[in-house]
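Structure file entry.txt; described as compact mmCIF, C-alpha atoms.
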```txt
# COMPACT_ATOMS: atom_id res chain seq x y z
CA MET A 1 27.79 42.18 -0.86
CA LEU A 2 25.68 44.86 -2.50
CA THR A 3 26.60 43.67 -6.00
CA LEU A 4 25.70 40.11 -4.98
CA SER A 5 22.23 41.17 -3.93
CA ILE A 6 21.78 43.18 -7.14
CA ILE A 7 22.89 40.21 -9.23
CA LEU A 8 20.58 37.95 -7.27
CA GLN A 9 17.66 40.23 -8.06
CA ALA A 10 18.57 40.36 -11.72
CA VAL A 11 18.76 36.63 -12.19
CA ALA A 12 15.57 35.18 -13.63
CA ASN A 13 13.29 33.92 -10.88
CA ALA A 14 12.46 30.77 -12.74
CA ALA A 15 16.00 29.41 -12.58
CA ILE A 16 16.30 29.86 -8.82
CA ALA A 17 12.84 28.37 -8.31
CA LYS A 18 13.82 25.26 -10.26
CA THR A 19 17.06 24.96 -8.31
CA GLY A 20 15.11 25.25 -5.09
CA ALA A 21 12.66 22.60 -6.24
CA GLY A 22 15.49 20.22 -7.11
CA ILE A 23 17.18 20.73 -3.76
CA GLY A 24 13.84 20.32 -1.99
CA ALA A 25 13.14 17.02 -3.68
CA GLY A 26 16.61 15.80 -2.77
CA LEU A 27 16.11 16.79 0.85
CA ALA A 28 12.76 14.98 0.85
CA ALA A 29 14.51 11.84 -0.38
CA ILE A 30 17.14 12.19 2.34
CA GLY A 31 14.42 12.59 4.97
CA ALA A 32 12.58 9.51 3.74
CA GLY A 33 15.84 7.55 3.61
CA ILE A 34 16.81 8.44 7.16
CA GLY A 35 13.34 7.78 8.57
CA ILE A 36 12.75 4.47 6.87
CA GLY A 37 16.32 3.39 7.55
CA ARG A 38 15.80 3.91 11.25
CA ILE A 39 12.48 2.04 11.14
CA GLY A 40 14.12 -0.86 9.31
CA GLY A 41 17.03 -0.94 11.71
CA SER A 42 14.94 -1.02 14.87
CA SER A 43 12.54 -3.59 13.50
CA VAL A 44 15.32 -5.95 12.42
CA GLU A 45 16.86 -5.56 15.87
CA ALA A 46 13.49 -6.35 17.46
CA ILE A 47 13.14 -9.46 15.30
CA ALA A 48 16.58 -10.58 16.41
CA ARG A 49 15.54 -10.19 20.04
CA GLN A 50 12.25 -12.07 19.67
CA PRO A 51 11.91 -14.08 16.47
CA GLU A 52 8.40 -15.31 17.30
CA ALA A 53 7.02 -11.79 16.99
CA ILE A 54 8.23 -11.47 13.41
CA ASN A 55 4.74 -11.15 11.88
CA ASP A 56 3.61 -8.37 14.20
CA ILE A 57 6.89 -6.55 13.79
CA ARG A 58 6.79 -6.85 10.01
CA SER A 59 3.28 -5.38 9.70
CA ASN A 60 4.12 -2.54 12.07
CA MET A 61 7.28 -1.81 10.12
CA ILE A 62 5.43 -1.59 6.78
CA LEU A 63 2.70 0.57 8.29
CA THR A 64 5.12 3.04 9.89
CA ALA A 65 7.26 3.16 6.77
CA SER A 66 4.28 4.15 4.65
CA LEU A 67 3.36 6.92 7.10
CA VAL A 68 6.90 8.33 7.01
CA GLU A 69 6.93 8.06 3.24
CA GLY A 70 3.71 10.08 3.19
CA ALA A 71 5.54 13.04 4.66
CA ALA A 72 8.36 12.73 2.12
CA PHE A 73 5.86 12.51 -0.71
CA PHE A 74 4.20 15.71 0.48
CA ALA A 75 7.49 17.56 0.01
CA MET A 76 7.99 15.86 -3.35
CA ILE A 77 4.57 17.00 -4.59
CA ILE A 78 5.36 20.61 -3.62
CA CYS A 79 8.61 20.42 -5.60
CA LEU A 80 6.77 18.93 -8.60
CA LEU A 81 4.27 21.76 -8.41
CA ILE A 82 7.10 24.30 -8.47
CA LEU A 83 8.72 22.63 -11.46
CA PHE A 84 5.69 22.16 -13.63
CA ILE A 85 3.06 24.71 -12.62
CA MET B 1 -24.66 -16.89 -8.79
CA ASN B 2 -23.86 -20.34 -10.10
CA PHE B 3 -21.01 -21.11 -12.44
CA ARG B 4 -22.98 -20.92 -15.68
CA CYS B 5 -24.64 -17.65 -14.73
CA ARG B 6 -21.29 -16.10 -13.87
CA ARG B 7 -19.78 -17.34 -17.14
CA VAL B 8 -22.60 -15.62 -19.07
CA PHE B 9 -22.11 -12.42 -17.09
CA LEU B 10 -18.38 -12.47 -17.71
CA SER B 11 -18.76 -13.17 -21.41
CA ILE B 12 -21.22 -10.27 -21.72
CA ILE B 13 -18.74 -7.92 -20.06
CA ILE B 14 -15.91 -9.10 -22.33
CA PHE B 15 -18.14 -8.78 -25.40
CA LEU B 16 -19.14 -5.24 -24.45
CA ILE B 17 -15.55 -4.15 -23.89
CA THR B 18 -14.39 -5.76 -27.14
CA SER B 19 -17.19 -4.22 -29.16
CA LEU B 20 -16.55 -0.85 -27.59
CA VAL B 21 -12.91 -1.05 -28.50
CA VAL B 22 -13.34 -2.46 -32.02
CA GLY B 23 -16.36 -0.35 -32.94
CA THR B 24 -14.96 2.99 -31.93
CA VAL B 25 -11.34 2.30 -32.79
CA ALA B 26 -12.35 1.42 -36.35
CA PHE B 27 -14.03 4.79 -36.74
CA SER B 28 -11.62 6.91 -34.82
CA SER B 29 -8.25 6.12 -36.34
CA GLU B 30 -7.38 8.65 -39.01
CA PRO B 31 -4.26 10.05 -40.62
CA GLU B 32 -2.48 12.51 -38.44
CA ASN B 33 -2.00 15.14 -41.15
CA LYS B 34 -5.66 15.57 -42.09
CA ASN B 35 -6.25 18.94 -40.47
CA HIS B 36 -2.83 19.93 -39.36
CA SER B 37 -0.56 22.59 -40.61
CA GLU B 38 2.62 20.77 -39.72
CA ASN B 39 4.73 19.02 -42.33
CA PRO B 40 3.93 15.27 -42.25
CA ALA B 41 7.58 14.42 -42.80
CA GLU B 42 8.69 16.47 -39.79
CA LYS B 43 8.99 14.43 -36.59
CA LYS B 44 8.15 16.15 -33.33
CA ALA B 45 11.04 16.04 -30.88
CA PHE B 46 10.42 13.81 -27.91
CA ASN B 47 9.37 15.94 -24.95
CA ALA B 48 9.85 13.83 -21.86
CA GLY B 49 7.93 16.10 -19.50
CA GLU B 50 4.93 16.25 -21.80
CA PHE B 51 5.04 12.47 -22.36
CA MET B 52 5.11 11.77 -18.65
CA PHE B 53 2.38 14.17 -17.68
CA ASP B 54 0.08 13.15 -20.54
CA HIS B 55 0.11 9.64 -19.16
CA ILE B 56 -0.70 10.84 -15.63
CA LYS B 57 -3.45 13.29 -16.49
CA ASP B 58 -7.05 12.80 -17.47
CA ALA B 59 -8.17 12.99 -21.11
CA TYR B 60 -11.34 13.13 -23.19
CA GLU B 61 -10.37 10.05 -25.21
CA TRP B 62 -8.69 6.79 -24.29
CA HIS B 63 -5.49 6.70 -26.31
CA ILE B 64 -4.44 3.14 -27.09
CA LEU B 65 -1.43 3.53 -29.37
CA SER B 66 0.11 5.65 -32.11
CA TRP B 67 1.44 3.97 -35.22
CA LYS B 68 3.42 6.04 -37.71
CA GLY B 69 1.36 9.12 -37.05
CA HIS B 70 -2.00 7.35 -36.81
CA HIS B 71 -3.57 7.74 -33.42
CA VAL B 72 -5.70 4.82 -32.30
CA SER B 73 -7.92 5.85 -29.42
CA ILE B 74 -11.38 5.29 -28.02
CA PRO B 75 -13.38 8.55 -28.08
CA LEU B 76 -15.42 9.21 -24.97
CA PRO B 77 -18.60 11.29 -24.53
CA VAL B 78 -18.23 14.95 -23.64
CA ILE B 79 -21.09 16.26 -21.50
CA VAL B 80 -20.91 20.00 -20.90
CA TYR B 81 -23.48 22.48 -19.74
CA SER B 82 -22.81 25.96 -21.01
CA LYS B 83 -24.63 29.08 -19.91
CA THR B 84 -25.36 30.08 -23.52
CA SER B 85 -26.27 26.88 -25.31
CA GLY B 86 -27.45 24.59 -22.52
CA LEU B 87 -26.62 20.93 -22.24
CA ASN B 88 -24.32 19.62 -24.96
CA ILE B 89 -23.56 15.94 -25.28
CA PHE B 90 -21.26 14.83 -28.07
CA ILE B 91 -18.50 12.38 -28.74
CA SER B 92 -14.97 13.64 -28.28
CA SER B 93 -13.87 12.48 -31.73
CA LYS B 94 -15.45 15.73 -32.98
CA PHE B 95 -12.39 17.41 -31.54
CA HIS B 96 -10.12 15.29 -33.78
CA HIS B 97 -7.55 14.78 -31.04
CA GLY B 98 -7.76 18.36 -29.92
CA HIS B 99 -7.10 20.01 -33.27
CA GLU B 100 -10.57 21.22 -34.18
CA SER B 101 -13.34 22.99 -32.40
CA TYR B 102 -16.94 21.82 -32.33
CA LYS B 103 -19.80 24.31 -32.03
CA SER B 104 -18.14 26.79 -29.71
CA PHE B 105 -16.15 24.27 -27.71
CA LYS B 106 -12.53 23.30 -28.08
CA ILE B 107 -9.79 21.68 -26.08
CA GLU B 108 -7.51 24.38 -24.74
CA LYS B 109 -3.85 24.01 -25.70
CA GLU B 110 -2.03 26.33 -23.34
CA GLY B 111 -2.52 28.17 -20.12
CA LYS B 112 -4.67 27.56 -17.10
CA TYR B 113 -7.21 25.29 -18.77
CA LYS B 114 -4.71 23.22 -20.77
CA GLY B 115 -6.20 19.94 -21.90
CA LYS B 116 -9.75 20.80 -20.82
CA VAL B 117 -12.84 21.67 -22.81
CA VAL B 118 -13.42 25.42 -22.94
CA GLU B 119 -16.07 27.48 -24.63
CA GLU B 120 -15.28 30.43 -26.84
CA MET B 121 -17.71 33.23 -26.12
CA GLU B 122 -18.39 36.25 -28.34
CA GLY B 123 -15.53 38.67 -27.95
CA GLY B 124 -12.85 35.98 -27.62
CA ALA B 125 -13.11 35.21 -23.90
CA VAL B 126 -12.71 31.56 -23.01
CA VAL B 127 -14.71 30.18 -20.13
CA ARG B 128 -14.89 26.72 -18.73
CA PRO B 129 -18.42 25.30 -18.92
CA PHE B 130 -19.87 22.96 -16.31
CA ASP B 131 -18.13 19.76 -17.32
CA ILE B 132 -19.41 16.33 -16.36
CA SER B 133 -17.90 14.41 -19.27
CA ILE B 134 -17.17 10.72 -19.11
CA THR B 135 -13.41 11.13 -19.29
CA LYS B 136 -10.74 8.42 -19.22
CA ASN B 137 -10.61 8.40 -15.43
CA ILE B 138 -14.40 8.12 -15.15
CA THR B 139 -14.45 5.23 -17.61
CA SER B 140 -11.73 3.52 -15.58
CA LEU B 141 -13.85 4.15 -12.48
CA PHE B 142 -16.79 2.41 -14.14
CA ILE B 143 -14.58 -0.52 -15.16
CA GLY B 144 -13.25 -0.84 -11.60
CA VAL B 145 -16.77 -0.70 -10.20
CA ALA B 146 -17.94 -3.33 -12.69
CA ILE B 147 -15.09 -5.61 -11.59
CA MET B 148 -15.96 -5.09 -7.93
CA LEU B 149 -19.67 -5.73 -8.50
CA TRP B 150 -18.91 -8.86 -10.50
CA LEU B 151 -16.60 -10.20 -7.79
CA PHE B 152 -18.63 -9.39 -4.72
CA LEU B 153 -22.21 -9.88 -5.89
CA GLY B 154 -21.13 -13.32 -7.04
CA ILE B 155 -19.70 -14.45 -3.75
CA ALA B 156 -22.50 -12.76 -1.76
CA LYS B 157 -25.00 -14.97 -3.55
CA THR B 158 -22.90 -18.05 -2.84
CA TYR B 159 -22.69 -17.14 0.82
CA ARG B 160 -26.41 -16.62 1.02
CA LYS B 161 -27.39 -19.85 -0.70
CA ASN B 162 -24.87 -22.23 0.93
CA PRO B 163 -23.63 -20.53 4.06
CA ASN B 164 -21.74 -23.48 5.44
CA LYS B 165 -20.13 -24.90 2.34
CA ALA B 166 -16.35 -24.82 1.93
CA PRO B 167 -15.40 -21.92 -0.35
CA LYS B 168 -14.13 -22.51 -3.86
CA GLY B 169 -13.14 -20.36 -6.81
CA VAL B 170 -13.43 -16.58 -6.49
CA GLN B 171 -14.87 -17.03 -3.01
CA ALA B 172 -11.77 -18.92 -1.87
CA PHE B 173 -9.60 -16.08 -3.18
CA LEU B 174 -11.56 -13.27 -1.56
CA GLU B 175 -12.52 -14.81 1.77
CA PRO B 176 -9.04 -14.57 3.37
CA LEU B 177 -8.79 -10.93 2.26
CA ILE B 178 -12.19 -10.05 3.69
CA LEU B 179 -11.33 -11.82 6.94
CA PHE B 180 -7.99 -9.99 6.95
CA VAL B 181 -9.79 -6.63 6.79
CA ARG B 182 -12.19 -7.73 9.50
CA ASP B 183 -9.77 -9.36 11.91
CA ASP B 184 -6.61 -7.33 11.43
CA ILE B 185 -7.98 -3.88 10.58
CA ALA B 186 -11.54 -3.41 11.81
CA LYS B 187 -11.65 -5.40 15.06
CA PRO B 188 -8.39 -4.18 16.64
CA ALA B 189 -8.92 -0.54 15.66
CA ILE B 190 -12.62 -0.07 16.36
CA GLY B 191 -13.37 -2.67 18.98
CA GLU B 192 -15.10 -6.04 19.10
CA ASP B 193 -18.56 -4.68 19.82
CA LYS B 194 -18.77 -1.74 17.42
CA TYR B 195 -16.85 -2.74 14.29
CA GLU B 196 -19.74 -4.26 12.34
CA LYS B 197 -21.34 -0.97 11.35
CA TYR B 198 -18.13 0.26 9.74
CA LEU B 199 -17.06 -2.96 8.07
CA PRO B 200 -18.95 -2.40 4.76
CA TYR B 201 -17.29 0.99 4.26
CA LEU B 202 -13.84 -0.33 5.20
CA LEU B 203 -14.16 -3.31 2.86
CA THR B 204 -15.39 -1.13 0.01
CA VAL B 205 -12.59 1.39 0.42
CA PHE B 206 -9.94 -1.33 0.72
CA PHE B 207 -10.95 -3.20 -2.43
CA PHE B 208 -11.73 -0.03 -4.38
CA ILE B 209 -8.27 1.41 -3.78
CA TRP B 210 -6.50 -1.91 -4.36
CA ILE B 211 -8.35 -2.80 -7.57
CA ASN B 212 -7.97 0.69 -9.04
CA ASN B 213 -4.27 0.80 -8.14
CA MET B 214 -3.77 -2.52 -9.90
CA LEU B 215 -5.77 -1.40 -12.93
CA GLY B 216 -3.55 1.67 -13.16
CA LEU B 217 -0.48 -0.55 -13.48
CA ILE B 218 -1.75 -2.47 -16.51
CA PRO B 219 -0.33 -0.60 -19.52
CA ILE B 220 -3.15 -1.32 -21.98
CA PHE B 221 -6.93 -0.91 -22.05
CA PRO B 222 -8.94 -1.64 -19.83
CA GLY B 223 -6.19 -0.67 -17.40
CA GLY B 224 -3.76 2.19 -17.59
CA ALA B 225 -5.82 5.16 -16.43
CA ASN B 226 -4.27 6.81 -13.40
CA LEU B 227 -7.45 6.87 -11.33
CA THR B 228 -6.22 6.74 -7.73
CA GLY B 229 -3.49 9.19 -8.70
CA ASN B 230 -6.19 11.76 -9.40
CA ILE B 231 -6.49 14.05 -6.43
CA ALA B 232 -10.25 14.47 -6.89
CA ILE B 233 -10.84 10.74 -6.33
CA THR B 234 -8.66 10.60 -3.23
CA LEU B 235 -10.31 13.81 -2.02
CA VAL B 236 -13.72 12.11 -2.13
CA LEU B 237 -12.41 9.02 -0.33
CA ALA B 238 -10.83 11.15 2.41
CA LEU B 239 -14.01 13.24 2.61
CA LEU B 240 -16.09 10.11 3.20
CA THR B 241 -13.77 9.05 6.00
CA PHE B 242 -14.00 12.54 7.47
CA ILE B 243 -17.81 12.56 7.32
CA ILE B 244 -18.12 9.14 8.93
CA THR B 245 -15.65 10.10 11.68
CA THR B 246 -17.46 13.36 12.40
CA VAL B 247 -20.92 11.83 12.40
CA SER B 248 -19.94 8.95 14.68
CA GLY B 249 -18.02 11.08 17.17
CA THR B 250 -19.26 10.64 20.70
CA LYS B 251 -19.50 13.43 23.22
CA ASP B 252 -16.21 12.29 24.75
CA TYR B 253 -14.51 12.70 21.37
CA TRP B 254 -15.59 16.34 20.98
CA VAL B 255 -14.84 17.13 24.61
CA HIS B 256 -11.34 15.78 24.09
CA ILE B 257 -10.89 18.09 21.10
CA ILE B 258 -12.34 21.32 22.40
CA ASN B 259 -11.79 21.05 26.13
CA MET B 260 -9.22 18.37 26.76
CA PRO B 261 -9.35 17.29 30.40
CA GLY B 262 -6.14 17.15 32.36
CA VAL B 263 -4.50 20.04 30.51
CA PRO B 264 -3.51 23.34 32.22
CA LEU B 265 -6.10 26.11 31.79
CA LEU B 266 -3.53 28.48 30.33
CA LEU B 267 -3.44 26.43 27.10
CA LYS B 268 -7.18 26.74 26.60
CA PHE B 269 -7.98 30.25 27.86
CA PRO B 270 -7.55 33.15 26.94
CA ILE B 271 -5.85 31.95 23.78
CA PRO B 272 -7.26 28.50 22.88
CA LEU B 273 -3.95 27.03 21.75
CA LEU B 274 -4.62 23.36 22.31
CA PRO B 275 -8.20 23.36 20.92
CA PHE B 276 -6.88 25.13 17.82
CA ILE B 277 -4.23 22.47 17.28
CA GLU B 278 -6.75 19.70 17.87
CA ILE B 279 -9.26 21.19 15.40
CA MET B 280 -6.49 21.54 12.83
CA GLY B 281 -5.75 17.89 13.45
CA VAL B 282 -9.38 16.96 12.75
CA PHE B 283 -9.06 18.42 9.26
CA LEU B 284 -5.44 17.53 8.70
CA LYS B 285 -5.80 13.79 9.22
CA PRO B 286 -8.13 13.15 6.24
CA PHE B 287 -6.14 15.70 4.19
CA VAL B 288 -2.97 13.67 4.75
CA LEU B 289 -4.86 10.49 3.80
CA MET B 290 -5.72 12.15 0.50
CA ILE B 291 -2.18 13.37 -0.19
CA ARG B 292 -0.55 10.06 0.77
CA LEU B 293 -2.54 7.95 -1.67
CA PHE B 294 -2.35 10.51 -4.48
CA ALA B 295 1.39 11.08 -4.11
CA ASN B 296 2.33 7.41 -3.77
CA ILE B 297 0.48 6.29 -6.87
CA THR B 298 1.42 9.30 -9.02
CA ALA B 299 5.08 9.07 -7.97
CA GLY B 300 5.18 5.39 -8.85
CA HIS B 301 3.75 6.02 -12.30
CA LEU B 302 6.11 8.98 -12.87
CA ILE B 303 9.17 6.88 -11.99
CA ILE B 304 8.25 4.11 -14.41
CA LEU B 305 7.40 6.66 -17.12
CA GLY B 306 10.72 8.39 -16.44
CA PHE B 307 12.67 5.20 -17.05
CA ILE B 308 10.78 4.58 -20.29
CA SER B 309 11.39 8.18 -21.39
CA LEU B 310 15.12 7.64 -20.88
CA ILE B 311 15.03 5.14 -23.74
CA PHE B 312 13.57 7.73 -26.11
CA ILE B 313 15.84 10.52 -24.94
CA PHE B 314 18.94 8.42 -25.50
CA GLY B 315 17.46 7.01 -28.69
CA ASN B 316 17.12 10.50 -30.13
CA MET B 317 20.81 11.07 -29.55
CA SER B 318 21.97 7.82 -31.16
CA PRO B 319 20.23 4.52 -32.02
CA ILE B 320 22.90 2.43 -30.26
CA GLY B 321 22.46 4.58 -27.16
CA GLY B 322 18.73 3.91 -27.28
CA TYR B 323 19.18 0.14 -27.45
CA GLY B 324 21.87 0.16 -24.81
CA ILE B 325 19.95 2.18 -22.28
CA SER B 326 16.79 0.17 -22.95
CA ILE B 327 18.26 -2.90 -21.23
CA LEU B 328 18.92 -0.84 -18.10
CA SER B 329 15.60 1.00 -18.32
CA ILE B 330 13.53 -2.13 -18.79
CA GLY B 331 15.35 -3.77 -15.90
CA PHE B 332 14.67 -0.86 -13.60
CA SER B 333 11.07 -0.58 -14.83
CA ILE B 334 10.41 -4.24 -14.02
CA PHE B 335 11.92 -3.72 -10.58
CA MET B 336 9.77 -0.63 -10.04
CA MET B 337 6.70 -2.55 -11.24
CA PHE B 338 7.27 -5.14 -8.53
CA ILE B 339 7.49 -2.38 -5.95
CA GLU B 340 4.37 -0.78 -7.38
CA LEU B 341 2.44 -4.03 -6.98
CA LEU B 342 3.43 -4.01 -3.33
CA VAL B 343 2.62 -0.31 -3.00
CA ALA B 344 -0.84 -0.92 -4.51
CA PHE B 345 -1.68 -3.28 -1.66
CA ILE B 346 0.11 -1.29 1.05
CA GLN B 347 -1.62 1.98 0.19
CA ALA B 348 -5.03 0.29 0.30
CA TYR B 349 -4.09 -1.30 3.63
CA VAL B 350 -2.80 1.97 5.13
CA PHE B 351 -5.83 3.98 4.00
CA THR B 352 -8.23 1.41 5.44
CA LEU B 353 -6.24 1.00 8.65
CA LEU B 354 -6.02 4.73 9.30
CA SER B 355 -9.73 5.18 8.55
CA ALA B 356 -10.51 2.38 11.01
CA MET B 357 -8.24 3.99 13.61
CA TYR B 358 -9.98 7.34 13.18
CA PHE B 359 -13.36 5.63 13.63
CA GLY B 360 -12.03 3.88 16.71
CA MET B 361 -10.75 7.12 18.19
CA ALA B 362 -14.10 8.80 17.53
CA LEU B 363 -15.97 6.01 19.29
CA GLU B 364 -13.66 5.70 22.26
CA LYS B 365 -15.27 5.91 25.65
CA ALA B 366 -13.59 8.09 28.27
CA HIS B 367 -11.18 5.92 30.19
CA HIS B 368 -10.70 7.88 33.39
```
Rewrite the coordinates I just gave you, this time as structure tokens.
Amino acid sequence: MLTLSIILQAVANAAIAKTGAGIGAGLAAIGAGIGIGRIGGSSVEAIARQPEAINDIRSNMILTASLVEGAAFFAMIICLLILFI
Amino acid sequence: MNFRCRRVFLSIIIFLITSLVVGTVAFSSEPENKNHSENPAEKKAFNAGEFMFDHIKDAYEWHILSWKGHHVSIPLPVIVYSKTSGLNIFISSKFHHGHESYKSFKIEKEGKYKGKVVEEMEGGAVVRPFDISITKNITSLFIGVAIMLWLFLGIAKTYRKNPNKAPKGVQAFLEPLILFVRDDIAKPAIGEDKYEKYLPYLLTVFFFIWINNMLGLIPIFPGGANLTGNIAITLVLALLTFIITTVSGTKDYWVHIINMPGVPLLLKFPIPLLPFIEIMGVFLKPFVLMIRLFANITAGHLIILGFISLIFIFGNMSPIGGYGISILSIGFSIFMMFIELLVAFIQAYVFTLLSAMYFGMALEKAHH
């Protein structure tokens, strides 16, 4: 356990930072996927229940998807900043 | 303006752009090895990260293409104000693509100010002068503004002269979009009686973001500058929304933020928890507007540039690999371009809709 922490301190910080950034970007993609998948699922279900409301449902779906994507992009920008700045 | 007048206007704009391109390109293309120390036969290895970020970032010249070491680009004016030598205005071709310095200015290669004009003071210190150059992004801004003025001044005149005539031409293309912003964004979000004051700003922001997003997708001049992916531009747009929201906030709006009625006193006194969260929200909402637009557009450009870089990376390993991967890369790039066209419209729509909703929330009357 002690040797592990010593090794961890000796490893170059840049490598761990880049690993962290990669994992963070992947997690952001997972978050966006889950969120938008749920939005898509509920909206398609709602269209099946009431096909006349398809236009309202479609615009709400696109709007909500872009808001959820905004959060995922925020995480992606932080990871890009770690990688390149 | 009538058809002939608009044709003259359009031909003047096209003539100006063509002469700008031809005139400066003819004088700015030069052999790569004129002032360099590198061996002209040595090829620089393809650096994907540098390639991708050079296409996202701003620059002091508009690079059109590189052919066998010749760089063809449009040089743009550099306007800097330095504390020692005052206002300096010169054309960026004096920098010879960043390889030479002019007076005491040069384009920094590494470090914090990479890619920007810095001044070398006595004693070797480099400082950044006050820089209001017409860079690539600013030129793209001017082009976008010229397009918007051409489109909207034209149809405004037609509306004024013949207000009840059936629309045709540019007017017929823009009228459904303008009515879309009015009927589906402004009226529902702000309210039937108060939306008119905010409609000019909402229309401007909608078409500005959409037109500049689309211009960013065109790979060649006059498009191709990543304007809405520049965080300074989106910062100003979000700041305008913030200012308009703050200025048009009614007393009910501020009361709801500082002293929300119907909430237990313990959340407001002695530690103002809820007011603190609400005030953070006041600043956070425009901040998120800024980040959303910036990240969406930059990410889209980076993805397409990444696919194109794949071709060169594989091509450096083996020519057959380059050709093989190019089919896949081009296919994915076309697919991403379709998505980017949709994203261009959606981001403009979301920015405008959220701005309208913030205005509506600021103007809301107390409903209890």
Fill in: Separation of atom CA of B:Arg182 from atom CA of A:Asn55 in Å
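Answer for the atom CA of A:Asn55 to atom CA of B:Arg182 separation: 17.4 Å.
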Per residue of chain A within 9 Å of chain B, which atom pair is closest and at what distance in Å (one decimal), using only C-alpha atoms, listed by chain and increasing number, as a tab-separated table?
```
residue	atom	partner	partner_atom	distance
A:Ile62	CA	B:Ile346	CA	7.8
A:Leu63	CA	B:Val350	CA	6.5
A:Ser66	CA	B:Val350	CA	7.4
A:Leu67	CA	B:Arg292	CA	8.1
A:Glu69	CA	B:Arg292	CA	8.1
A:Gly70	CA	B:Arg292	CA	4.9
A:Ala71	CA	B:Arg292	CA	7.8
A:Phe73	CA	B:Ala295	CA	5.8
A:Phe74	CA	B:Ile291	CA	6.8
A:Met76	CA	B:Ala295	CA	8.2
A:Ile77	CA	B:Ala295	CA	6.7
A:Phe84	CA	B:Gly49	CA	8.7
```
May I have the selected residues written with C-alpha atoms, as a PDB file, in the coordinates of the input?
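Result file is result_31.pdb:
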```
ATOM      1  CA  ILE A  62       5.430  -1.590   6.780  1.00  0.00           C
ATOM      2  CA  LEU A  63       2.700   0.570   8.290  1.00  0.00           C
ATOM      3  CA  SER A  66       4.280   4.150   4.650  1.00  0.00           C
ATOM      4  CA  LEU A  67       3.360   6.920   7.100  1.00  0.00           C
ATOM      5  CA  GLU A  69       6.930   8.060   3.240  1.00  0.00           C
ATOM      6  CA  GLY A  70       3.710  10.080   3.190  1.00  0.00           C
ATOM      7  CA  ALA A  71       5.540  13.040   4.660  1.00  0.00           C
ATOM      8  CA  PHE A  73       5.860  12.510  -0.710  1.00  0.00           C
ATOM      9  CA  PHE A  74       4.200  15.710   0.480  1.00  0.00           C
ATOM     10  CA  MET A  76       7.990  15.860  -3.350  1.00  0.00           C
ATOM     11  CA  ILE A  77       4.570  17.000  -4.590  1.00  0.00           C
ATOM     12  CA  PHE A  84       5.690  22.160 -13.630  1.00  0.00           C
TER      13      PHE A  84
END
```
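Using all atoms listed in the file, the nearest neighbour of B:Phe180 within the list B:Asn212, B:Ser73, B:Thr352, B:Thr234 is B:Thr352.
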Practice prompt. Take atom CA of A:Leu27 and atom CA of B:Ile231 and report the distance between them in Å, one decimal.
Written response: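 Atom-to-atom, atom CA of A:Leu27 and atom CA of B:Ile231 are spaced 23.9 Å apart.
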Worksheet item: So how many Å separate atom CA of B:Met317 and atom CA of B:Ile330, to one decimal?
Response: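 Computed distance, atom CA of B:Met317 to atom CA of B:Ile330, equals 18.5 Å.
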Response to the item:
In terms of only C-alpha atoms, the residue from A:Arg58, A:Ala65, A:Ser43, A:Ala28 at minimal distance from A:Ile78 is A:Ala28
Discussion item. Ranking B:Leu342, B:Ala362, B:Val78, B:Ala59 by minimum distance to B:Met214 and counting all atoms listed in the file, which one comes first?
Written reply: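 With all atoms listed in the file as the atom set, the closest residue is B:Leu342.
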Discussion item. Measuring between only C-alpha atoms, which one of A:Ile39, A:Leu83, A:Leu2, A:Ile23 shows the shortest distance to A:Ser59?
Written reply: A:Ile39
Worksheet item: Which one is closest to B:Ser133: B:Val170, B:Ile155, B:Ile185, B:Ile91? Count only C-alpha atoms.
Response: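 Smallest separation from B:Ser133 among the options: B:Ile91.
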Using only the atoms of stretch 43-48 of chain A listed in the file, plus 6 Å on each side, state the axis-aligned box centre and edge lengths in Å rounded to one decimal, as AutoDock Vina command-line options.
```
--center_x 14.7 --center_y -7.1 --center_z 14.9 --size_x 16.3 --size_y 19.0 --size_z 17.0
```
Can you tell me which residues surround B:Lys57 at a distance of at most 10 Å, considering only C-alpha atoms, apart from same-chain residues fewer than 2 positions away, and format the answer as a PDB file with C-alpha atoms, keeping the file's coordinate frame?
```pdb
ATOM      1  CA  MET B  52       5.110  11.770 -18.650  1.00  0.00           C
ATOM      2  CA  PHE B  53       2.380  14.170 -17.680  1.00  0.00           C
ATOM      3  CA  ASP B  54       0.080  13.150 -20.540  1.00  0.00           C
ATOM      4  CA  HIS B  55       0.110   9.640 -19.160  1.00  0.00           C
ATOM      5  CA  ALA B  59      -8.170  12.990 -21.110  1.00  0.00           C
ATOM      6  CA  GLY B 115      -6.200  19.940 -21.900  1.00  0.00           C
ATOM      7  CA  LYS B 136     -10.740   8.420 -19.220  1.00  0.00           C
ATOM      8  CA  ASN B 137     -10.610   8.400 -15.430  1.00  0.00           C
ATOM      9  CA  ALA B 225      -5.820   5.160 -16.430  1.00  0.00           C
ATOM     10  CA  ASN B 226      -4.270   6.810 -13.400  1.00  0.00           C
ATOM     11  CA  LEU B 227      -7.450   6.870 -11.330  1.00  0.00           C
ATOM     12  CA  GLY B 229      -3.490   9.190  -8.700  1.00  0.00           C
ATOM     13  CA  ASN B 230      -6.190  11.760  -9.400  1.00  0.00           C
ATOM     14  CA  THR B 298       1.420   9.300  -9.020  1.00  0.00           C
TER      15      THR B 298
END
```
Worksheet item: Near B:Ser333, within 9 Å and counting only C-alpha atoms, which residues show up once chain neighbours fewer than 2 positions away are dropped, as a ChimeraX atom specification?
Response: /B:303-305,307-308,328-331,335-338
